[in-house]
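Visitor: If it helps, the file is called target30.cif and holds mmCIF, C-alpha atoms and all ligand atoms:
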data_query
#
loop_
_atom_site.label_atom_id
_atom_site.label_comp_id
_atom_site.auth_asym_id
_atom_site.auth_seq_id
_atom_site.Cartn_x
_atom_site.Cartn_y
_atom_site.Cartn_z
CA MET G 1 47.07 -43.21 -33.17
CA TYR G 2 48.00 -39.94 -31.46
CA LYS G 3 51.50 -39.79 -30.04
CA ILE G 4 52.45 -38.08 -26.76
CA VAL G 5 55.33 -35.87 -27.92
CA LYS G 6 55.89 -34.08 -24.61
CA LYS G 7 55.02 -34.78 -20.99
CA GLU G 8 55.69 -32.43 -18.09
CA LEU G 9 54.71 -32.54 -14.42
CA LEU G 10 53.17 -29.14 -13.58
CA ALA G 11 52.20 -29.84 -9.96
CA PRO G 12 51.54 -32.94 -7.85
CA ASN G 13 49.19 -35.16 -9.94
CA ILE G 14 48.83 -32.58 -12.71
CA TYR G 15 50.48 -33.29 -16.07
CA LEU G 16 50.81 -31.32 -19.28
CA MET G 17 51.00 -33.37 -22.47
CA ASN G 18 51.49 -32.31 -26.08
CA ILE G 19 49.70 -34.72 -28.40
CA GLU G 20 50.56 -35.08 -32.08
CA ALA G 21 47.22 -34.29 -33.74
CA PRO G 22 47.78 -32.05 -36.78
CA ARG G 23 44.18 -31.89 -37.94
CA VAL G 24 42.88 -30.92 -34.50
CA ALA G 25 45.73 -28.39 -34.09
CA ARG G 26 44.81 -26.76 -37.42
CA SER G 27 41.16 -26.20 -36.54
CA ALA G 28 41.31 -25.64 -32.75
CA ARG G 29 40.07 -22.37 -31.30
CA PRO G 30 40.14 -21.16 -27.66
CA GLY G 31 37.29 -22.56 -25.58
CA GLN G 32 37.01 -25.89 -27.40
CA PHE G 33 37.71 -29.36 -26.09
CA VAL G 34 38.68 -32.85 -27.22
CA ILE G 35 37.46 -36.31 -26.24
CA VAL G 36 40.27 -38.75 -25.60
CA ARG G 37 40.23 -42.54 -25.50
CA LEU G 38 43.36 -44.30 -24.30
CA ASP G 39 42.64 -47.56 -26.12
CA GLU G 40 39.77 -49.14 -28.03
CA HIS G 41 38.05 -50.28 -24.81
CA GLY G 42 38.65 -47.03 -22.95
CA GLU G 43 36.03 -44.60 -21.70
CA ARG G 44 35.71 -41.25 -23.44
CA VAL G 45 37.37 -38.46 -21.44
CA PRO G 46 36.55 -34.84 -22.30
CA LEU G 47 39.50 -32.44 -21.81
CA THR G 48 39.59 -28.73 -22.57
CA ILE G 49 42.31 -27.74 -25.05
CA SER G 50 45.11 -25.90 -23.23
CA ASP G 51 47.22 -24.82 -26.20
CA TYR G 52 47.85 -25.78 -29.84
CA ASP G 53 50.36 -25.18 -32.58
CA ALA G 54 48.95 -25.52 -36.10
CA GLU G 55 52.40 -25.47 -37.72
CA GLN G 56 53.99 -28.10 -35.53
CA GLY G 57 50.76 -30.10 -35.34
CA TRP G 58 50.37 -30.62 -31.59
CA VAL G 59 47.62 -29.93 -29.07
CA THR G 60 48.21 -29.50 -25.33
CA ILE G 61 46.03 -31.13 -22.71
CA VAL G 62 46.46 -30.74 -18.95
CA THR G 63 45.18 -33.61 -16.85
CA GLN G 64 44.77 -34.18 -13.15
CA THR G 65 44.52 -37.73 -11.81
CA VAL G 66 40.86 -37.73 -10.84
CA GLY G 67 39.41 -41.06 -11.98
CA TYR G 68 40.40 -44.36 -13.59
CA SER G 69 41.14 -43.07 -17.10
CA THR G 70 42.84 -39.81 -16.05
CA SER G 71 45.11 -41.82 -13.71
CA LYS G 72 45.97 -44.19 -16.56
CA LEU G 73 46.55 -41.26 -18.94
CA CYS G 74 48.85 -39.52 -16.46
CA ALA G 75 50.88 -42.74 -16.14
CA MET G 76 51.61 -42.79 -19.89
CA SER G 77 54.98 -41.62 -21.21
CA GLU G 78 56.39 -39.60 -24.08
CA GLY G 79 56.32 -41.83 -27.19
CA ASP G 80 53.15 -43.69 -26.08
CA SER G 81 50.02 -43.19 -28.19
CA LEU G 82 46.32 -42.58 -27.53
CA ALA G 83 43.73 -44.46 -29.60
CA ASP G 84 41.40 -41.48 -30.15
CA PHE G 85 41.75 -37.75 -29.95
CA ALA G 86 38.43 -36.43 -31.29
CA GLY G 87 38.02 -32.73 -31.79
CA PRO G 88 37.97 -29.86 -31.73
CA LEU G 89 34.52 -30.15 -30.13
CA GLY G 90 32.13 -27.55 -28.74
CA CYS G 91 31.87 -23.90 -29.65
CA PRO G 92 34.87 -21.59 -29.55
CA SER G 93 34.74 -18.74 -27.02
CA GLU G 94 32.33 -16.00 -28.06
CA PHE G 95 35.06 -13.35 -28.40
CA VAL G 96 36.69 -15.30 -31.24
CA HIS G 97 33.91 -13.97 -33.49
CA GLU G 98 34.35 -10.36 -32.42
CA GLU G 99 36.43 -7.59 -34.00
CA PRO G 100 39.73 -7.06 -32.12
CA GLU G 101 38.97 -3.33 -32.05
CA ALA G 102 35.79 -3.89 -30.07
CA LEU G 103 37.60 -6.31 -27.78
CA ARG G 104 40.36 -3.79 -27.08
CA ARG G 105 37.75 -1.45 -25.59
CA ARG G 106 36.54 -4.16 -23.21
CA ARG G 107 38.13 -4.74 -19.80
CA ILE G 108 38.16 -8.51 -19.36
CA LEU G 109 39.03 -10.37 -16.18
CA PHE G 110 39.63 -14.14 -16.33
CA VAL G 111 39.19 -16.13 -13.14
CA ALA G 112 41.12 -19.39 -13.34
CA GLY G 113 40.72 -22.00 -10.59
CA GLY G 114 43.22 -24.84 -10.12
CA VAL G 115 43.46 -27.06 -13.21
CA GLY G 116 40.96 -24.69 -14.87
CA THR G 117 43.97 -22.39 -15.37
CA ALA G 118 44.99 -24.58 -18.32
CA PRO G 119 41.99 -23.80 -20.58
CA VAL G 120 42.19 -20.11 -19.62
CA TYR G 121 45.68 -19.87 -21.13
CA PRO G 122 44.75 -20.25 -24.87
CA GLN G 123 42.01 -17.66 -24.45
CA VAL G 124 44.32 -15.06 -22.91
CA LYS G 125 46.99 -15.90 -25.51
CA TRP G 126 44.52 -15.54 -28.41
CA LEU G 127 43.46 -12.12 -27.12
CA SER G 128 47.07 -11.04 -26.54
CA GLU G 129 47.97 -11.94 -30.15
CA ARG G 130 45.29 -9.42 -31.21
CA GLY G 131 46.49 -6.66 -28.91
CA VAL G 132 43.98 -7.30 -26.12
CA LYS G 133 45.52 -7.56 -22.66
CA ALA G 134 43.17 -9.24 -20.22
CA ASP G 135 43.78 -9.49 -16.46
CA VAL G 136 43.81 -12.92 -14.84
CA ILE G 137 43.21 -14.18 -11.31
CA ILE G 138 44.76 -17.60 -10.73
CA GLY G 139 43.45 -19.40 -7.65
CA ALA G 140 44.80 -22.58 -6.11
CA LYS G 141 44.78 -24.42 -2.81
CA ASN G 142 48.43 -23.55 -2.11
CA LYS G 143 51.63 -22.44 -3.86
CA ASP G 144 52.46 -26.03 -4.91
CA THR G 145 49.23 -26.45 -6.87
CA LEU G 146 49.54 -23.18 -8.81
CA ILE G 147 50.13 -23.91 -12.50
CA LEU G 148 51.14 -21.98 -15.63
CA THR G 149 51.77 -18.68 -13.80
CA ASP G 150 54.84 -17.68 -15.89
CA LYS G 151 53.20 -18.64 -19.20
CA MET G 152 50.13 -16.61 -18.21
CA ARG G 153 52.21 -13.56 -17.23
CA ALA G 154 53.76 -13.60 -20.72
CA VAL G 155 50.36 -13.07 -22.40
CA ALA G 156 48.14 -11.34 -19.81
CA GLY G 157 47.78 -7.76 -18.64
CA GLU G 158 48.13 -8.26 -14.88
CA VAL G 159 48.13 -11.65 -13.17
CA PHE G 160 46.84 -11.84 -9.59
CA ILE G 161 47.44 -14.92 -7.47
CA ALA G 162 45.18 -16.21 -4.69
CA THR G 163 45.80 -19.25 -2.53
CA ASP G 164 43.38 -20.75 -0.04
CA ASP G 165 46.14 -21.08 2.60
CA GLY G 166 47.95 -17.82 1.80
CA SER G 167 51.22 -19.58 0.84
CA ALA G 168 51.43 -17.39 -2.30
CA GLY G 169 49.75 -14.12 -3.28
CA PHE G 170 46.42 -13.07 -1.77
CA HIS G 171 45.21 -15.18 1.17
CA GLY G 172 41.70 -16.32 0.26
CA MET G 173 39.34 -17.49 -2.45
CA VAL G 174 39.29 -16.02 -5.95
CA THR G 175 35.99 -14.32 -5.11
CA ASP G 176 37.60 -12.53 -2.14
CA LEU G 177 40.42 -11.33 -4.40
CA MET G 178 37.91 -10.21 -7.02
CA ARG G 179 36.15 -8.07 -4.41
CA ASP G 180 39.49 -6.71 -3.24
CA LEU G 181 40.46 -5.71 -6.80
CA ILE G 182 37.16 -3.95 -7.41
CA ASP G 183 36.39 -2.43 -3.99
CA ARG G 184 39.85 -1.64 -2.62
CA GLN G 185 42.08 -1.36 -5.69
CA GLY G 186 39.49 0.40 -7.87
CA LYS G 187 39.73 -2.00 -10.84
CA ARG G 188 36.83 -1.95 -13.29
CA TYR G 189 35.80 -4.84 -15.55
CA ASP G 190 33.13 -5.18 -18.23
CA GLU G 191 33.29 -8.96 -18.41
CA VAL G 192 34.47 -11.89 -16.29
CA ILE G 193 35.31 -15.29 -17.78
CA ALA G 194 35.58 -17.99 -15.11
CA ILE G 195 36.94 -21.51 -15.59
CA GLY G 196 37.58 -23.92 -12.73
CA PRO G 197 35.67 -26.12 -10.31
CA MET G 198 31.88 -25.83 -10.63
CA ILE G 199 31.61 -24.50 -7.05
CA MET G 200 34.07 -21.71 -7.89
CA MET G 201 32.15 -20.76 -11.03
CA LYS G 202 28.91 -20.71 -9.04
CA PHE G 203 30.33 -18.27 -6.49
CA VAL G 204 32.14 -16.14 -9.08
CA ALA G 205 28.84 -15.75 -10.94
CA ARG G 206 27.02 -14.91 -7.70
CA THR G 207 29.63 -12.24 -6.89
CA THR G 208 29.68 -10.66 -10.36
CA LYS G 209 25.87 -10.50 -10.35
CA GLU G 210 26.13 -8.17 -7.35
CA TYR G 211 28.46 -5.91 -9.33
CA GLY G 212 26.45 -6.21 -12.56
CA ILE G 213 29.39 -7.66 -14.53
CA ARG G 214 28.58 -9.95 -17.46
CA THR G 215 30.02 -13.42 -16.76
CA ILE G 216 30.87 -16.40 -18.91
CA VAL G 217 31.63 -19.82 -17.40
CA SER G 218 33.00 -22.99 -19.03
CA LEU G 219 31.12 -26.05 -17.81
CA ASN G 220 32.99 -29.32 -17.32
CA THR G 221 29.96 -31.60 -17.20
CA LEU G 222 29.94 -35.36 -17.68
CA MET G 223 30.13 -36.21 -21.36
CA VAL G 224 29.91 -39.41 -23.37
CA ASP G 225 29.63 -38.92 -27.12
CA GLY G 226 30.34 -35.17 -27.34
CA THR G 227 28.02 -34.76 -30.31
CA GLY G 228 24.71 -33.89 -28.63
CA MET G 229 23.26 -37.40 -28.91
CA CYS G 230 23.49 -38.93 -25.41
CA GLY G 231 22.30 -36.04 -23.24
CA ALA G 232 24.75 -36.79 -20.39
CA CYS G 233 26.06 -33.24 -20.44
CA ARG G 234 22.68 -31.51 -20.18
CA VAL G 235 22.43 -28.44 -18.01
CA THR G 236 19.73 -25.90 -17.36
CA VAL G 237 20.59 -22.39 -18.51
CA GLY G 238 17.98 -19.65 -18.25
CA GLY G 239 15.33 -22.30 -17.54
CA ARG G 240 16.11 -24.19 -20.77
CA THR G 241 17.87 -27.51 -21.23
CA ARG G 242 21.13 -27.06 -23.08
CA PHE G 243 23.75 -29.58 -24.19
CA THR G 244 27.20 -28.53 -23.02
CA CYS G 245 29.03 -30.52 -25.69
CA VAL G 246 27.46 -28.86 -28.73
CA GLU G 247 25.93 -25.64 -27.38
CA GLY G 248 28.70 -24.93 -24.86
CA PRO G 249 30.93 -25.45 -23.04
CA GLU G 250 30.63 -21.70 -22.36
CA PHE G 251 27.41 -20.20 -21.06
CA ASP G 252 26.15 -17.07 -19.33
CA GLY G 253 27.16 -17.70 -15.70
CA HIS G 254 24.19 -15.75 -14.34
CA GLU G 255 21.76 -18.10 -16.07
CA VAL G 256 23.30 -21.50 -15.17
CA ASP G 257 21.59 -23.74 -12.60
CA PHE G 258 24.83 -24.66 -10.82
CA ASP G 259 23.21 -26.74 -8.06
CA GLU G 260 21.67 -29.08 -10.63
CA ALA G 261 24.92 -29.15 -12.64
CA MET G 262 26.91 -30.11 -9.51
CA ARG G 263 24.43 -32.83 -8.58
CA ARG G 264 24.69 -34.32 -12.07
CA GLN G 265 28.50 -34.00 -12.10
CA GLY G 266 28.75 -35.99 -8.86
CA MET G 267 26.52 -38.87 -10.05
CA TYR G 268 29.37 -41.33 -10.58
CA LYS G 269 31.82 -40.10 -7.90
CA THR G 270 31.82 -43.36 -5.89
CA ILE G 271 32.43 -45.55 -8.95
CA GLU G 272 35.04 -43.07 -10.23
CA SER G 273 37.12 -43.08 -7.04
CA ARG G 274 36.93 -46.89 -6.76
CA LYS G 275 38.18 -47.24 -10.34
CA ALA G 276 40.88 -44.59 -9.77
CA ARG G 277 42.25 -46.66 -6.87
CA MET G 278 42.27 -49.70 -9.19
CA ALA G 279 44.31 -47.76 -11.78
CA GLN G 280 46.90 -46.79 -9.17
CA GLU G 281 47.27 -50.33 -7.77
P1 LIG B 301 40.70 -26.08 -6.42
O1 LIG B 301 39.76 -26.92 -5.64
O2 LIG B 301 42.08 -25.92 -5.96
O3 LIG B 301 40.01 -24.65 -6.58
C1 LIG B 301 40.65 -23.61 -7.26
C2 LIG B 301 40.16 -22.33 -6.69
O4 LIG B 301 38.74 -22.22 -6.80
C3 LIG B 301 40.41 -22.15 -5.21
O5 LIG B 301 41.72 -21.73 -4.96
C4 LIG B 301 39.40 -21.10 -4.82
O6 LIG B 301 39.93 -19.80 -4.95
C5 LIG B 301 38.30 -21.32 -5.83
N1 LIG B 301 37.15 -21.84 -5.11
C6 LIG B 301 36.94 -23.11 -4.65
N2 LIG B 301 35.78 -23.17 -3.97
C7 LIG B 301 35.27 -21.91 -3.98
C8 LIG B 301 34.10 -21.31 -3.42
N3 LIG B 301 33.22 -22.01 -2.72
N4 LIG B 301 33.92 -19.98 -3.63
C9 LIG B 301 34.79 -19.26 -4.33
N5 LIG B 301 35.91 -19.75 -4.87
C10 LIG B 301 36.14 -21.06 -4.70
O7 LIG B 301 40.74 -26.57 -7.89
P2 LIG B 301 41.28 -27.97 -8.36
O8 LIG B 301 41.52 -28.89 -7.23
O9 LIG B 301 42.36 -27.75 -9.33
O10 LIG B 301 39.99 -28.52 -9.08
C11 LIG B 301 39.97 -28.62 -10.39
C12 LIG B 301 38.54 -28.65 -10.83
O11 LIG B 301 38.45 -27.86 -11.99
C13 LIG B 301 38.07 -30.03 -11.15
O12 LIG B 301 36.77 -30.19 -10.65
C14 LIG B 301 38.05 -30.02 -12.67
O13 LIG B 301 37.10 -30.89 -13.18
C15 LIG B 301 37.75 -28.58 -12.94
N6 LIG B 301 38.17 -28.16 -14.27
C16 LIG B 301 37.28 -27.44 -14.97
C17 LIG B 301 37.55 -27.09 -16.25
C18 LIG B 301 36.51 -26.37 -17.01
O14 LIG B 301 36.58 -26.32 -18.22
N7 LIG B 301 35.55 -25.77 -16.33
C19 LIG B 301 38.76 -27.40 -16.83
C20 LIG B 301 39.71 -28.09 -16.07
C21 LIG B 301 39.38 -28.46 -14.77
#
Starting from the coordinates I provided, produce the structure as structure tokens.
Guide:
Amino acid sequence: MYKIVKKELLAPNIYLMNIEAPRVARSARPGQFVIVRLDEHGERVPLTISDYDAEQGWVTIVTQTVGYSTSKLCAMSEGDSLADFAGPLGCPSEFVHEEPEALRRRRILFVAGGVGTAPVYPQVKWLSERGVKADVIIGAKNKDTLILTDKMRAVAGEVFIATDDGSAGFHGMVTDLMRDLIDRQGKRYDEVIAIGPMIMMKFVARTTKEYGIRTIVSLNTLMVDGTGMCGACRVTVGGRTRFTCVEGPEFDGHEVDFDEAMRRQGMYKTIESRKARMAQE
């Protein structure tokens, strides 16, 4: 069993939890994910790792109440335990394999959208620990749904905020802010790493293509087994079928067929929202 050792409300319906999982904490790298099961009959929920501490033996997950299982997970308390916490799964971010010296020469911009800010944090932190200061755009619907801004500022170069309603930072989408940074403020980037809603990643990739900036995206597809067996997470990248769980979750954003990925992601939306209502009743 995997104990919830800390629970914190980050924003309405968004919770941070530290889970006691020493083995996962020891081997986790930025970019990887876990598959959680609340009890032995529970569905398998993939969640990107948001932080980890190998010495203290915990792993952080950030969950938004989206469906049945995430609503049930968010209702759990400190001291409760999860039946399964399988991981770390997927490939670590590409930069983990690179020499810090080479990384220090690269100007990296992260684009974090909503809850996608959580998996961006360990990547920026990992780079910071090796002397690489990356800039970060954090986008959210409004100031109340912004998460992890202070933690991000502690490890990033510059942090830029964008809200859809203008209640904090730049008024507009992350793509509008990206254009503003490049066109008006004269910022230059060699690489963009975008994590957030699929629609955001699609439009970030479309924008960076115009500027000729290499772009990595982290795909949050449907997943079942997480070991490349079931095929639920398949996506088309560069015309080839790829399995997000074992070959991803990060891919070249300019090569991903986002329209197909979004269609597949929405396959169970009706069932999901019906079950989510059941969990809240
Ligand atoms: P959100 O809907 O508030 O969107 C965040 C930001 O994305 C917006 O502020 C906006 O700037 C940008 N955005 C949205 N639509 C856009 C468009 N058409 N063009 C350009 N930019 C656009 O985010 P949310 O409500 O927190 O949604 C969370 C989503 O993130 C969920 O779908 C969740 O599954 C996903 N998620 C993904 C990962 C991952 O690994 N990719 C991890 C956690 C969460």
Visitor: Please return as a ChimeraX atom specification every residue within 12 Å of (44.3, -31.9, -23.7), taking into account all atoms listed in the file and the file's own coordinates.
Guide: /G:2,4,6-7,14-21,24-25,28,31-37,45-52,58-64,70,73-74,82,84-89,115-116,118-119,122
Visitor: Counting all atoms listed in the file, which residues in chain G sit no more than 7 Å from ligand LIG 301 (chain B)? For each one, give the nearest pair of atoms and the distance in Å, sorted by chain then residue number, as a tab-separated table.
Guide:
residue	atom	partner	partner_atom	distance
G:Thr48	CA	B:LIG301	O14	5.8
G:Gly113	CA	B:LIG301	C1	3.7
G:Gly114	CA	B:LIG301	O9	3.1
G:Val115	CA	B:LIG301	O9	4.1
G:Gly116	CA	B:LIG301	C20	3.8
G:Ala118	CA	B:LIG301	C20	6.7
G:Pro119	CA	B:LIG301	C19	6.1
G:Gly139	CA	B:LIG301	O5	4.0
G:Ala140	CA	B:LIG301	O5	3.4
G:Lys141	CA	B:LIG301	O2	4.4
G:Ala162	CA	B:LIG301	O6	6.4
G:Thr163	CA	B:LIG301	O5	5.4
G:Asp164	CA	B:LIG301	O5	5.3
G:Gly172	CA	B:LIG301	O6	6.5
G:Met173	CA	B:LIG301	O6	3.5
G:Val174	CA	B:LIG301	O6	4.0
G:Thr175	CA	B:LIG301	C9	5.1
G:Ile195	CA	B:LIG301	N7	4.5
G:Gly196	CA	B:LIG301	O11	4.1
G:Pro197	CA	B:LIG301	O11	3.7
G:Met198	CA	B:LIG301	O12	6.6
G:Ile199	CA	B:LIG301	N3	5.2
G:Met200	CA	B:LIG301	C10	3.9
G:Phe203	CA	B:LIG301	N4	4.9
G:Val204	CA	B:LIG301	C9	6.3
G:Ser218	CA	B:LIG301	N7	4.6
G:Leu219	CA	B:LIG301	N7	4.7
G:Asn220	CA	B:LIG301	N7	4.5
Visitor: With C-alpha atoms retained, could you export that selection as a CSV table (one decimal), keeping the file's coordinate frame?
Guide:
chain,number,residue,atom,x,y,z
G,48,THR,CA,39.6,-28.7,-22.6
G,113,GLY,CA,40.7,-22.0,-10.6
G,114,GLY,CA,43.2,-24.8,-10.1
G,115,VAL,CA,43.5,-27.1,-13.2
G,116,GLY,CA,41.0,-24.7,-14.9
G,118,ALA,CA,45.0,-24.6,-18.3
G,119,PRO,CA,42.0,-23.8,-20.6
G,139,GLY,CA,43.4,-19.4,-7.6
G,140,ALA,CA,44.8,-22.6,-6.1
G,141,LYS,CA,44.8,-24.4,-2.8
G,162,ALA,CA,45.2,-16.2,-4.7
G,163,THR,CA,45.8,-19.2,-2.5
G,164,ASP,CA,43.4,-20.8,0.0
G,172,GLY,CA,41.7,-16.3,0.3
G,173,MET,CA,39.3,-17.5,-2.4
G,174,VAL,CA,39.3,-16.0,-6.0
G,175,THR,CA,36.0,-14.3,-5.1
G,195,ILE,CA,36.9,-21.5,-15.6
G,196,GLY,CA,37.6,-23.9,-12.7
G,197,PRO,CA,35.7,-26.1,-10.3
G,198,MET,CA,31.9,-25.8,-10.6
G,199,ILE,CA,31.6,-24.5,-7.0
G,200,MET,CA,34.1,-21.7,-7.9
G,203,PHE,CA,30.3,-18.3,-6.5
G,204,VAL,CA,32.1,-16.1,-9.1
G,218,SER,CA,33.0,-23.0,-19.0
G,219,LEU,CA,31.1,-26.0,-17.8
G,220,ASN,CA,33.0,-29.3,-17.3
Visitor: Tell me which of G:Cys230, G:Val217, G:Val224, G:Ala154 sits closest to Ala205 of chain G, counting all atoms listed in the file.
Guide: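 Distance minimum relative to Ala205 of chain G lands on G:Val217.
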Visitor: Just the number, please: distance in Å from atom CA of His254 of chain G to atom CA of Phe160 of chain G, one decimal.
Guide: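 Between these atoms lies a distance of 23.5 Å.
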Visitor: Report, in Å to a single decimal, how far apart atom CA of Ala194 of chain G and atom CA of Thr215 of chain G are.
Guide: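 Computed distance, atom CA of Thr215 of chain G to atom CA of Ala194 of chain G, equals 7.4 Å.
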Visitor: Which value, in Å to one decimal, gives the distance between atom CA of Ala54 of chain G and atom CA of Arg107 of chain G?
Guide: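 Computing it gives 28.5 Å between the two atoms.
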Visitor: Looking at only C-alpha atoms, which of G:Glu191, G:Met76, G:Asp257, G:Asp144 is the one that sits closest to Glu8 of chain G?
Guide: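 Looking at the shortest contact to Glu8 of chain G, the residue is G:Met76.
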Visitor: Applying 6 Å and only C-alpha atoms, which residues near Glu255 of chain G remain after dropping the ones on its own chain fewer than 3 positions away? List them as a list of chain:residue names.
Guide: G:Val237, G:Gly238, G:Asp252
Visitor: Can you work out which one of G:Phe110, G:Tyr189, G:Tyr68, G:Trp126 has the shortest atom-to-atom distance to Val159 of chain G, counting all atoms listed in the file?
Guide: G:Phe110
Visitor: Hey, which of G:Lys187, G:Arg153, G:Lys209, G:Lys125 ends up closest to Val96 of chain G? Count only C-alpha atoms.
Guide: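 Among the listed residues, G:Lys125 lies closest to Val96 of chain G.
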Visitor: Which one is closest to Ile137 of chain G: G:Leu103, G:Ala261, G:Val120, G:Met223? Count only C-alpha atoms.
Guide: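 Closest candidate: G:Val120.
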Visitor: Using the file's own x, y and z axes, so that the box edges lie along x, y and z, what centre and edge lengths in Å (one decimal) does a box around every listed atom of segment 98-112 of chain G get when 4 Å is added on each side? Give it as AutoDock Vina command-line options.
Guide:
--center_x 37.7 --center_y -10.4 --center_z -23.6 --size_x 14.8 --size_y 25.9 --size_z 28.9
Visitor: So, with all atoms listed in the file as the atoms that count, which of G:Ser77, G:Asp176, G:Val192, G:Arg104 lies closest to Val136 of chain G?
Guide: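 Among G:Ser77, G:Asp176, G:Val192, G:Arg104, it is G:Val192 that comes nearest to Val136 of chain G.
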